[in-house]
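J.: Next comes my_file-v1.txt, compact mmCIF, C-alpha atoms:
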```
# COMPACT_ATOMS: atom_id res chain seq x y z
CA MET A 1327 91.06 78.91 112.63
CA ALA A 1328 88.72 76.79 110.57
CA LYS A 1329 90.02 74.06 108.30
CA GLN A 1330 86.63 72.89 107.02
CA MET A 1331 85.58 76.43 106.13
CA LEU A 1332 88.73 76.74 104.03
CA ILE A 1333 88.09 73.44 102.28
CA ASP A 1334 84.51 74.52 101.55
CA ALA A 1335 85.70 77.81 100.07
CA TYR A 1336 88.34 76.06 97.98
CA ARG A 1337 85.54 73.88 96.61
CA GLY A 1338 83.44 76.88 95.61
CA LYS A 1339 80.90 76.61 98.44
CA ARG A 1340 79.30 79.38 100.49
CA THR A 1341 81.03 80.09 103.79
CA ALA A 1342 80.02 82.14 106.83
CA LYS A 1343 83.01 84.39 106.23
CA ALA A 1344 86.02 84.34 103.97
CA PRO A 1345 88.69 81.95 105.28
CA TRP A 1346 92.29 83.10 105.18
CA VAL A 1347 95.56 81.59 103.95
CA PRO A 1348 98.92 83.32 104.27
CA TYR A 1349 101.27 81.96 101.59
CA ALA A 1350 104.04 82.55 104.06
CA GLY A 1351 106.85 80.65 102.30
CA VAL A 1352 110.27 81.80 103.48
CA HIS A 1353 108.62 84.53 105.54
CA CYS A 1354 108.17 81.68 108.06
CA ALA A 1355 111.97 81.57 108.30
CA PHE A 1356 112.08 85.29 108.98
CA LEU A 1357 109.50 84.93 111.75
CA ILE A 1358 111.55 82.30 113.56
CA LYS A 1359 114.77 84.25 112.88
CA GLU A 1360 116.38 81.65 110.64
CA ALA A 1361 117.99 81.98 107.22
CA ALA A 1362 115.80 80.75 104.37
CA ASP A 1363 118.36 78.25 103.07
CA LYS A 1364 118.78 76.67 106.50
CA PHE A 1365 115.02 76.68 107.15
CA LEU A 1366 114.21 74.93 103.85
CA GLN A 1367 116.66 72.08 104.47
CA ASP A 1368 115.88 71.34 108.11
CA PRO A 1369 112.63 69.49 108.85
CA ALA A 1370 112.41 70.68 112.46
CA LEU A 1371 112.83 74.33 111.44
CA LEU A 1372 110.42 73.96 108.56
CA ALA A 1373 107.76 72.55 110.87
CA LYS A 1374 108.47 75.12 113.56
CA GLY A 1375 108.24 77.95 111.02
CA ILE A 1376 104.89 77.01 109.56
CA VAL A 1377 103.28 76.22 112.92
CA GLU A 1378 104.49 79.50 114.44
CA THR A 1379 103.31 81.39 111.35
CA ALA A 1380 99.92 79.69 111.37
CA LYS A 1381 99.48 80.67 115.02
CA ARG A 1382 100.70 84.23 114.55
CA TYR A 1383 98.45 84.93 111.57
CA LYS A 1384 95.52 82.78 112.78
CA ALA A 1385 95.59 80.94 109.48
CA ASP A 1386 92.83 78.61 108.31
CA GLY A 1387 95.40 76.85 106.15
CA ILE A 1388 99.10 77.12 105.46
CA PRO A 1389 101.42 75.69 102.79
CA LEU A 1390 104.00 73.23 104.07
CA LEU A 1391 106.44 75.08 101.85
CA PHE A 1392 106.23 77.38 98.85
CA ASP A 1393 109.28 76.42 96.86
CA LEU A 1394 108.98 75.50 93.19
CA SER A 1395 112.52 74.13 92.96
CA VAL A 1396 111.73 70.91 94.85
CA GLU A 1397 110.61 68.90 91.82
CA ALA A 1398 113.41 70.20 89.57
CA ASN A 1399 115.99 69.43 92.25
CA ALA A 1400 114.56 65.94 92.77
CA VAL A 1401 115.14 65.09 89.10
CA GLY A 1402 118.64 66.56 88.91
CA CYS A 1403 118.59 70.36 88.45
CA GLU A 1404 121.20 72.19 90.51
CA LEU A 1405 120.21 75.03 92.82
CA LYS A 1406 121.61 78.31 94.03
CA TRP A 1407 120.63 78.92 97.66
CA TRP A 1408 119.81 82.33 99.11
CA PRO A 1409 119.64 83.35 102.77
CA ASP A 1410 116.49 85.41 102.29
CA ASN A 1411 114.70 83.75 99.40
CA VAL A 1412 113.77 80.43 97.82
CA PRO A 1413 116.52 78.67 95.88
CA SER A 1414 116.82 79.32 92.17
CA VAL A 1415 117.35 76.62 89.54
CA THR A 1416 120.71 77.09 87.84
CA THR A 1417 121.03 74.15 85.47
CA HIS A 1418 118.66 72.81 82.84
CA PRO A 1419 119.32 69.13 82.02
CA CYS A 1420 116.94 69.23 79.06
CA SER A 1421 118.39 72.37 77.45
CA GLY A 1422 119.64 70.17 74.61
CA LYS A 1423 118.03 66.79 75.24
CA THR A 1424 114.66 65.23 75.97
CA PRO A 1425 114.12 63.95 79.53
CA ALA A 1426 114.68 60.39 78.27
CA ASP A 1427 117.90 61.29 76.45
CA ALA A 1428 119.10 63.21 79.51
CA GLY A 1429 118.53 60.07 81.58
CA LEU A 1430 116.01 61.71 83.91
CA THR A 1431 114.01 59.36 86.09
CA PHE A 1432 110.87 59.95 88.10
CA PRO A 1433 111.39 61.00 91.72
CA THR A 1434 110.45 58.90 94.71
CA LYS A 1435 109.91 59.86 98.35
CA ASP A 1436 113.68 59.43 98.80
CA SER A 1437 114.69 61.86 96.02
CA GLY A 1438 116.08 65.34 96.57
CA ARG A 1439 114.49 67.13 99.53
CA TRP A 1440 111.40 64.92 99.76
CA PRO A 1441 112.66 63.16 102.93
CA VAL A 1442 113.00 66.59 104.61
CA ILE A 1443 109.49 67.55 103.53
CA PHE A 1444 108.01 64.25 104.76
CA GLU A 1445 109.69 64.67 108.12
CA ALA A 1446 108.52 68.29 108.42
CA ALA A 1447 104.93 67.26 107.62
CA LYS A 1448 105.09 64.53 110.27
CA ILE A 1449 106.07 67.10 112.90
CA ALA A 1450 103.76 69.90 111.77
CA LYS A 1451 100.57 68.02 110.88
CA PRO A 1452 99.40 67.10 114.44
CA GLN A 1453 100.14 70.63 115.67
CA LEU A 1454 98.18 72.17 112.80
CA GLU A 1455 95.32 69.73 113.44
CA GLU A 1456 95.18 71.00 117.00
CA LEU A 1457 94.95 74.54 115.65
CA ASP A 1458 92.22 73.47 113.17
CA CYS A 1459 94.47 74.68 110.36
CA ALA A 1460 94.68 72.90 107.00
CA LEU A 1461 98.02 71.62 105.77
CA MET A 1462 98.55 72.50 102.13
CA GLY A 1463 100.91 70.80 99.69
CA LEU A 1464 102.11 72.92 96.77
CA PHE A 1465 103.89 71.36 93.81
CA CYS A 1466 105.51 72.81 90.70
CA GLY A 1467 103.15 72.90 87.71
CA PRO A 1468 103.99 71.44 84.30
CA LEU A 1469 105.09 74.53 82.38
CA THR A 1470 107.17 75.95 85.23
CA LEU A 1471 108.87 72.58 85.74
CA ALA A 1472 109.37 72.29 81.96
CA SER A 1473 111.09 75.71 82.12
CA HIS A 1474 113.31 74.51 84.93
CA LEU A 1475 114.19 71.38 82.94
CA ALA A 1476 114.72 72.92 79.50
CA GLY A 1477 115.38 76.56 80.32
CA VAL A 1478 113.86 79.49 78.52
CA ARG A 1479 113.99 77.68 75.17
CA ILE A 1480 110.73 75.95 76.14
CA PHE A 1481 108.85 79.17 75.32
CA THR A 1482 110.21 79.02 71.76
CA ASP A 1483 109.88 75.24 71.52
CA VAL A 1484 106.14 75.33 72.21
CA TYR A 1485 105.85 76.93 68.76
CA LYS A 1486 108.92 75.78 66.85
CA ASN A 1487 109.77 72.37 68.27
CA LYS A 1488 106.45 71.01 69.40
CA GLU A 1489 107.42 67.37 69.77
CA PHE A 1490 110.28 68.24 72.13
CA ALA A 1491 108.12 70.70 74.13
CA ALA A 1492 105.36 68.11 74.44
CA GLU A 1493 107.80 65.51 75.72
CA VAL A 1494 109.28 67.82 78.37
CA CYS A 1495 105.85 69.07 79.53
CA LYS A 1496 104.51 65.50 79.68
CA PHE A 1497 107.42 64.44 81.87
CA ALA A 1498 106.85 67.52 84.04
CA GLY A 1499 103.16 66.69 84.40
CA GLU A 1500 103.99 63.13 85.46
CA VAL A 1501 106.46 64.44 88.04
CA GLY A 1502 103.69 66.75 89.31
CA ALA A 1503 101.35 63.78 89.74
CA ILE A 1504 104.01 62.03 91.83
CA SER A 1505 104.35 65.15 94.01
CA ALA A 1506 100.58 65.27 94.46
CA GLN A 1507 100.68 61.62 95.58
CA LEU A 1508 103.50 62.35 98.05
CA TYR A 1509 101.61 65.33 99.53
CA ALA A 1510 98.50 63.15 99.84
CA GLU A 1511 100.56 60.54 101.72
CA MET A 1512 101.84 63.26 104.08
CA GLY A 1513 98.30 64.11 105.07
CA CYS A 1514 97.85 67.39 103.23
CA ASP A 1515 94.22 68.53 103.16
CA ILE A 1516 94.56 70.72 100.08
CA ILE A 1517 97.01 70.15 97.24
CA ALA A 1518 97.73 72.88 94.72
CA ASN A 1519 99.37 72.78 91.33
CA VAL A 1520 101.45 75.96 91.16
CA ASP A 1521 102.33 77.06 87.65
CA PRO A 1522 103.36 80.72 87.68
CA VAL A 1523 104.78 80.87 84.16
CA ALA A 1524 101.49 79.57 82.74
CA SER A 1525 100.37 83.21 82.77
CA GLN A 1526 103.14 84.17 80.34
CA ILE A 1527 101.83 82.24 77.34
CA ARG A 1528 98.94 82.49 74.92
CA PRO A 1529 95.64 80.67 75.59
CA GLU A 1530 96.20 78.15 72.78
CA THR A 1531 99.59 77.26 74.25
CA PHE A 1532 97.98 76.83 77.67
CA ARG A 1533 95.38 74.45 76.19
CA GLU A 1534 98.02 72.45 74.35
CA TYR A 1535 100.74 72.10 76.99
CA VAL A 1536 99.41 73.01 80.44
CA LYS A 1537 95.86 71.62 80.57
CA PRO A 1538 96.61 68.01 79.51
CA ASN A 1539 99.63 67.86 81.80
CA CYS A 1540 97.65 68.88 84.88
CA GLU A 1541 95.09 66.10 84.53
CA ALA A 1542 97.10 63.26 86.10
CA ALA A 1543 97.90 65.26 89.24
CA THR A 1544 94.32 66.47 89.62
CA LYS A 1545 93.09 62.88 89.35
CA VAL A 1546 95.54 61.78 92.07
CA ILE A 1547 94.23 64.52 94.39
CA HIS A 1548 90.56 63.80 93.71
CA ASP A 1549 91.02 60.00 93.94
CA ALA A 1550 92.49 60.59 97.41
CA GLY A 1551 89.33 62.51 98.34
CA LEU A 1552 91.30 65.73 98.76
CA THR A 1553 90.81 69.27 97.58
CA SER A 1554 92.63 70.62 94.54
CA SER A 1555 93.60 74.06 93.34
CA PHE A 1556 95.67 75.72 90.63
CA PHE A 1557 97.82 78.71 91.55
CA ILE A 1558 98.91 81.08 88.83
CA CYS A 1559 100.90 84.30 89.08
CA GLY A 1560 101.26 87.43 86.98
CA ASP A 1561 98.73 88.95 84.66
CA CYS A 1562 96.84 85.79 83.68
CA THR A 1563 93.77 87.59 82.31
CA LYS A 1564 94.27 86.03 78.88
CA VAL A 1565 94.16 82.45 80.21
CA MET A 1566 91.52 82.84 82.96
CA GLU A 1567 88.86 80.85 81.04
CA GLU A 1568 91.36 78.02 80.62
CA VAL A 1569 92.32 78.13 84.32
CA CYS A 1570 88.66 77.85 85.32
CA GLN A 1571 88.23 74.79 83.09
CA LEU A 1572 91.24 72.79 84.36
CA GLY A 1573 89.06 70.52 86.48
CA THR A 1574 90.52 71.58 89.83
CA HIS A 1575 88.16 72.59 92.63
CA GLY A 1576 89.45 76.15 92.36
CA PHE A 1577 92.32 78.48 91.64
CA ALA A 1578 94.28 81.37 93.14
CA ILE A 1579 95.66 84.45 91.41
CA ASP A 1580 97.99 87.33 92.20
CA GLU A 1581 97.67 91.03 92.82
CA GLN A 1582 97.71 92.04 89.17
CA LEU A 1583 94.19 90.80 88.52
CA ASN A 1584 90.95 92.63 89.07
CA MET A 1585 89.10 90.81 91.85
CA ASN A 1586 85.62 91.54 90.46
CA PHE A 1587 86.61 89.96 87.14
CA VAL A 1588 88.11 86.94 88.93
CA ARG A 1589 85.07 86.49 91.19
CA ASP A 1590 82.69 86.58 88.23
CA MET A 1591 84.79 84.03 86.32
CA ALA A 1592 84.90 81.70 89.34
CA ARG A 1593 81.13 81.98 89.88
CA LYS A 1594 80.46 81.31 86.20
CA HIS A 1595 82.45 78.07 86.42
CA ASN A 1596 81.36 77.22 89.97
CA VAL A 1597 84.90 76.93 91.35
CA GLY A 1598 86.68 78.36 94.37
CA PHE A 1599 89.06 81.33 94.07
CA GLY A 1600 91.66 82.98 96.22
CA GLY A 1601 93.51 86.27 96.35
CA ASN A 1602 94.48 89.02 96.10
CA LEU A 1603 95.86 91.13 98.90
CA LYS A 1604 98.57 93.15 97.21
CA LEU A 1605 101.80 91.41 98.13
CA THR A 1606 104.13 94.08 96.77
CA LEU A 1607 102.21 97.34 96.78
CA ALA A 1608 100.66 96.90 100.22
CA LEU A 1609 102.42 94.17 102.22
CA SER A 1610 105.98 94.60 100.99
CA LEU A 1611 106.28 98.24 100.01
CA GLY A 1612 103.51 99.83 102.06
CA LEU A 1613 102.53 102.09 99.15
CA LEU A 1614 98.90 101.17 99.80
CA SER A 1615 97.32 100.66 103.17
CA PRO A 1616 97.19 96.86 103.74
CA ARG A 1617 94.04 97.38 105.80
CA GLU A 1618 92.19 99.23 103.06
CA ASP A 1619 93.49 96.83 100.44
CA ALA A 1620 92.20 93.92 102.54
CA ILE A 1621 88.77 95.53 102.79
CA VAL A 1622 88.63 95.96 99.01
CA SER A 1623 89.56 92.30 98.44
CA LEU A 1624 87.09 91.02 101.03
CA ALA A 1625 84.27 93.15 99.63
CA ALA A 1626 84.91 91.96 96.09
CA GLY A 1627 85.48 88.33 97.06
CA GLY A 1628 82.25 87.86 98.99
CA HIS A 1629 81.20 84.64 100.71
CA ILE A 1630 80.86 82.12 97.91
CA GLY A 1631 83.97 80.10 97.20
CA TYR A 1632 86.29 82.89 98.22
CA THR A 1633 89.53 82.58 100.21
CA PHE A 1634 91.27 85.71 101.39
CA ALA A 1635 94.99 85.42 100.66
CA PRO A 1636 97.95 87.41 99.43
CA GLY A 1637 98.13 87.70 95.68
CA MET B 1101 124.79 104.52 75.20
CA ALA B 1102 124.15 104.78 71.47
CA ASP B 1103 126.33 101.78 70.58
CA LYS B 1104 124.30 99.31 72.64
CA ILE B 1105 120.65 98.37 72.76
CA ASN B 1106 119.27 99.05 76.23
CA ILE B 1107 117.00 96.46 77.81
CA ASP B 1108 115.24 96.92 81.13
CA VAL B 1109 113.44 93.96 82.70
CA LEU B 1110 110.76 95.02 85.18
CA THR B 1111 110.21 92.26 87.71
CA LEU B 1112 108.75 91.40 91.07
CA ASP B 1113 111.90 89.42 91.92
CA SER B 1114 113.67 87.10 89.48
CA VAL B 1115 114.59 84.67 92.28
CA GLN B 1116 111.18 84.27 93.87
CA CYS B 1117 109.01 84.62 90.77
CA ALA B 1118 109.61 82.00 88.08
CA ALA B 1119 108.00 84.12 85.37
CA CYS B 1120 110.35 87.00 86.21
CA GLY B 1121 113.29 84.59 86.31
CA TYR B 1122 112.61 83.26 82.82
CA MET B 1123 112.06 86.77 81.45
CA MET B 1124 115.58 87.56 82.71
CA GLU B 1125 116.90 84.27 81.38
CA SER B 1126 115.48 84.98 77.92
CA ILE B 1127 117.93 87.88 77.71
CA ALA B 1128 120.80 86.19 79.54
CA ALA B 1129 120.58 83.16 77.20
CA LEU B 1130 121.00 85.25 74.05
CA PRO B 1131 124.13 84.14 72.20
CA SER B 1132 127.43 85.87 72.89
CA ASP B 1133 127.35 87.75 69.57
CA VAL B 1134 124.08 89.37 70.68
CA GLN B 1135 125.36 89.94 74.23
CA GLU B 1136 128.03 92.22 72.74
CA MET B 1137 125.32 94.50 71.37
CA ILE B 1138 123.05 94.80 74.39
CA GLN B 1139 123.11 96.02 77.96
CA TYR B 1140 120.42 95.01 80.38
CA GLN B 1141 119.38 95.21 83.97
CA GLU B 1142 116.75 93.76 86.28
CA TRP B 1143 114.53 96.28 88.07
CA SER B 1144 112.73 94.58 90.95
CA ILE B 1145 109.84 96.58 92.31
CA LYS B 1146 110.80 95.39 95.78
CA ASN B 1147 113.13 98.37 96.04
CA LYS B 1148 112.83 102.10 95.41
CA ASP B 1149 114.99 102.20 92.28
CA GLY B 1150 112.85 99.47 90.74
CA ILE B 1151 109.64 101.31 91.54
CA GLY B 1152 111.17 104.46 90.06
CA LYS B 1153 112.04 102.64 86.83
CA PHE B 1154 108.57 101.04 86.68
CA MET B 1155 106.99 104.49 86.93
CA GLU B 1156 109.47 106.10 84.55
CA LEU B 1157 108.82 103.51 81.83
CA LYS B 1158 105.07 103.56 82.54
CA GLY B 1159 105.01 99.82 83.28
CA LYS B 1160 101.61 98.18 83.57
CA VAL B 1161 102.27 94.54 84.48
CA LEU B 1162 105.07 92.40 85.86
CA PRO B 1163 107.19 91.00 84.41
CA THR B 1164 107.84 93.19 81.37
CA ILE B 1165 110.80 93.39 79.00
CA CYS B 1166 111.44 96.93 77.79
CA ILE B 1167 113.69 97.49 74.80
CA GLU B 1168 114.93 101.03 74.30
CA ARG B 1169 112.28 102.20 76.78
CA ASP B 1170 109.37 100.56 74.90
CA LEU B 1171 107.21 98.07 76.83
CA VAL B 1172 107.65 95.19 74.38
CA PHE B 1173 106.92 91.90 76.15
CA GLU B 1174 104.29 92.40 78.83
CA SER B 1175 103.52 89.16 80.67
CA ILE B 1176 104.65 87.13 77.66
CA ILE B 1177 107.95 85.28 77.77
CA PRO B 1178 109.29 85.84 74.25
CA GLN B 1179 110.43 83.35 71.68
CA TYR B 1180 114.05 83.73 70.56
CA GLU B 1181 113.14 85.08 67.12
CA GLU B 1182 110.65 87.57 68.59
CA LEU B 1183 113.39 88.98 70.79
CA ILE B 1184 115.80 89.26 67.88
CA ASP B 1185 113.20 91.00 65.70
CA GLU B 1186 112.23 93.52 68.39
CA MET B 1187 115.86 94.33 69.15
CA ALA B 1188 116.69 94.72 65.46
CA ARG B 1189 113.74 97.08 65.05
CA ARG B 1190 115.24 99.33 67.74
CA ALA B 1191 118.93 99.03 66.83
CA PRO B 1192 120.74 102.40 66.87
CA ASN B 1193 122.18 101.94 63.37
CA ASP B 1194 121.74 99.86 60.22
CA GLN B 1195 124.96 97.93 60.75
CA MET B 1196 123.85 96.68 64.15
CA ARG B 1197 120.36 95.92 62.88
CA ASP B 1198 121.77 93.77 60.07
CA ARG B 1199 124.14 92.02 62.47
CA ILE B 1200 121.33 91.16 64.86
CA ILE B 1201 119.10 89.89 62.08
CA SER B 1202 121.95 87.70 60.84
CA LEU B 1203 121.83 85.91 64.24
CA ARG B 1204 118.14 85.03 63.93
CA GLY B 1205 118.90 81.37 63.28
CA LYS B 1206 121.40 80.96 66.09
CA GLY B 1207 119.13 80.28 69.08
CA PHE B 1208 119.63 80.52 72.82
CA GLU B 1209 122.92 79.51 74.46
CA PHE B 1210 122.94 78.14 77.98
CA ASP B 1211 126.60 78.00 78.95
CA LYS B 1212 126.95 81.59 80.20
CA ILE B 1213 123.52 82.24 81.69
CA GLN B 1214 124.65 82.51 85.31
CA GLU B 1215 127.53 84.80 84.39
CA ASN B 1216 125.25 87.01 82.30
CA LEU B 1217 122.57 87.12 85.00
CA ALA B 1218 125.18 88.20 87.54
CA LYS B 1219 126.33 91.01 85.23
CA ALA B 1220 122.74 92.21 84.97
CA GLY B 1221 122.39 92.24 88.75
CA SER B 1222 119.71 89.57 88.59
CA GLY B 1223 118.48 88.59 92.03
CA MET B 1224 120.87 91.00 93.73
CA LYS B 1225 118.51 93.88 94.44
CA THR B 1226 115.29 92.22 95.47
CA ARG B 1227 115.06 93.40 99.06
CA THR B 1228 113.13 96.45 100.13
CA ASP B 1229 116.34 97.80 101.65
CA SER B 1230 118.60 97.04 98.67
```
In structure tokens, how does this file's structure come out?
T.:
Amino acid sequence: MAKQMLIDAYRGKRTAKAPWVPYAGVHCAFLIKEAADKFLQDPALLAKGIVETAKRYKADGIPLLFDLSVEANAVGCELKWWPDNVPSVTTHPCSGKTPADAGLTFPTKDSGRWPVIFEAAKIAKPQLEELDCALMGLFCGPLTLASHLAGVRIFTDVYKNKEFAAEVCKFAGEVGAISAQLYAEMGCDIIANVDPVASQIRPETFREYVKPNCEAATKVIHDAGLTSSFFICGDCTKVMEEVCQLGTHGFAIDEQLNMNFVRDMARKHNVGFGGNLKLTLALSLGLLSPREDAIVSLAAGGHIGYTFAPG
Amino acid sequence: MADKINIDVLTLDSVQCAACGYMMESIAALPSDVQEMIQYQEWSIKNKDGIGKFMELKGKVLPTICIERDLVFESIIPQYEELIDEMARRAPNDQMRDRIISLRGKGFEFDKIQENLAKAGSGMKTRTDS
């Protein structure tokens, strides 16, 4: 386990070998034989799950949690809990109103589940330090949080109701910056802005609504002397140039992207990149050999700025 | 069924993956007048039926909205009007096409999303053993 090697890779530097991060999420709950909903709301279980998972998989870094409902919940969205998955957001307070008109206020460390997360970090951090494993804080990116707040209408509003969309995305970006600050205070070594739905829009929409609303959070991370990344899911080929130019130290992508293409883009922009062991085809379904898939990813990723991780 | 427009949403998992979730929601939030004319289902590739549907429809990326077996929205969450236009184009008869087009100005409705998602089996078959 090698925290500094991971930080170097995330910052686009050459490393002796590719460091490794399992985005374990609620799989941690499975490993400690707990239900996901219980695990995510209990600081002791959360800490136990990530430490056990880090040990089991010999991780160089591990996310404290991978749950993009935290921010939405902290500003008032209701959740549906699942025993084997992350919670889903069921209400959208901005479906007919701006954040100001809906009376939304910015979260603090006492809002929603933040106290649970702080407590979990306090328990897990020293144990991960002992393992030389980086603690990673992942927060919900601006367009995904805007979707949680306004619902699916946001994808129409970015074209038809620009002022409203801009207001919701701006609020979401400011909430993201607060999350980044909270993760910095917890002692996270790497903080990532996770915006999965940012792959489902056109490049001009990304430049207009995602890029400007990532800047505040990235500044918070860099001002704290920490390492930043941007995680995006799905087929994000069309916005890869934009992702590389966000100003974060690096990015991570999912299994749908071609690793050679991603590596070349990252090298061109001198940023770190992570991925893309096939989460569904190999790890979940076993349709491909995870071992062979891992070899393909490692060969394509190389030793400059590359982190081996599920995609 | 010839009297409904069939929509298949190919996903990783609409609970875990926000992009998949909002693809599903774009259909579930269609107004009730449109809901009467469509039938839809989530196909998560975390189970065998979902993989079968992905192969059958020749899916390329996740998530994808298929309307009448055409891969229409591939890794693009549609605008309301885009959805209406693509459904109207594939309506089984002129009467339904005209009715759908007449709803172009109506916009999404949010009061029955959870009910509609449940009807479509959203989030219910996302385990490898489901």
J.: Contacts from chain A to chain B, 6 Å maximum, all atoms listed in the file: show me the residue list as a PyMOL selection string.
T.: chain A and resi 1414+1478+1481-1482+1523+1526-1527
J.: With all atoms listed in the file as the basis for distance, which of A:Asp1386, A:Val1396, A:Glu1445, A:Gly1612 is at the shortest distance from Leu1332 in chain A?
T.: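 Checking each candidate against Leu1332 in chain A, we get A:Asp1386 as the closest.
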J.: Restricting the calculation to only C-alpha atoms, which member of A:Leu1471, A:Ala1460, A:Leu1454, A:Ala1426 is positioned closest to Lys1329 in chain A?
T.: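 Closest residue, counting only C-alpha atoms: A:Ala1460.
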J.: If you count all atoms listed in the file, which residues fall within 9 Å of range 1635-1637 of chain A, apart from same-chain ones fewer than 3 positions away, as a list in words?
T.: Pro1345, Trp1346, Val1347, Pro1348, Tyr1349, Cys1559, Ala1578, Ile1579, Asp1580, Glu1581, Gln1582, Leu1583, Gly1600, Gly1601, Asn1602, Leu1603, Lys1604, Leu1605, Thr1606 and Leu1609 of chain A
J.: Work out how far CA of Cys1420 in chain A is from CA of Gly1205 in chain B, in Å to one decimal.
T.: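 That distance, rounded to one decimal, is 20.0 Å.
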J.: Just to confirm, what's the straight-line distance from CA of Lys1374 in chain A to CA of Phe1634 in chain A in Å (one decimal)?
T.: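 Atom-to-atom, CA of Lys1374 in chain A and CA of Phe1634 in chain A are spaced 23.6 Å apart.
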J.: Could you jot down the CA of Glu1360 in chain A to CA of Glu1397 in chain A separation for me, Å, one decimal place?
T.: 23.5 Å
J.: Could you tell me which of A:Gly1438, A:Pro1616, A:Lys1451, A:Thr1563 comes closest to Ile1388 in chain A if we count all atoms listed in the file?
T.: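 The answer is A:Lys1451, which sits nearest to Ile1388 in chain A.
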J.: Tell me which protein, DNA and RNA residues are within 10 Å of Ala1342 in chain A, counting all atoms listed in the file, leaving out same-chain ones fewer than 2 positions away, and put them as a PDB file with C-alpha atoms, in the coordinates of the input.
T.:
```pdb
ATOM      1  CA  MET A1331      85.580  76.430 106.130  1.00  0.00           C
ATOM      2  CA  ALA A1335      85.700  77.810 100.070  1.00  0.00           C
ATOM      3  CA  ARG A1340      79.300  79.380 100.490  1.00  0.00           C
ATOM      4  CA  ALA A1344      86.020  84.340 103.970  1.00  0.00           C
ATOM      5  CA  PRO A1345      88.690  81.950 105.280  1.00  0.00           C
ATOM      6  CA  GLY A1628      82.250  87.860  98.990  1.00  0.00           C
ATOM      7  CA  HIS A1629      81.200  84.640 100.710  1.00  0.00           C
ATOM      8  CA  ILE A1630      80.860  82.120  97.910  1.00  0.00           C
TER       9      ILE A1630
END
```
J.: May I have the residues at most 12 Å from (116.0, 84.7, 101.6) in the file's coordinates, counting only C-alpha atoms, as an MDAnalysis selection string?
T.: (chainID A and resid 1351:1356 1359:1366 1393 1406:1414) or (chainID B and resid 1113 1115:1116 1223:1227)
J.: Report as an MDAnalysis selection string all protein, DNA and RNA residues lying within 7 Å of Val1401 in chain A, evaluated on all atoms listed in the file, omitting residues in the same chain fewer than 6 positions from it.
T.: chainID A and resid 1430:1433
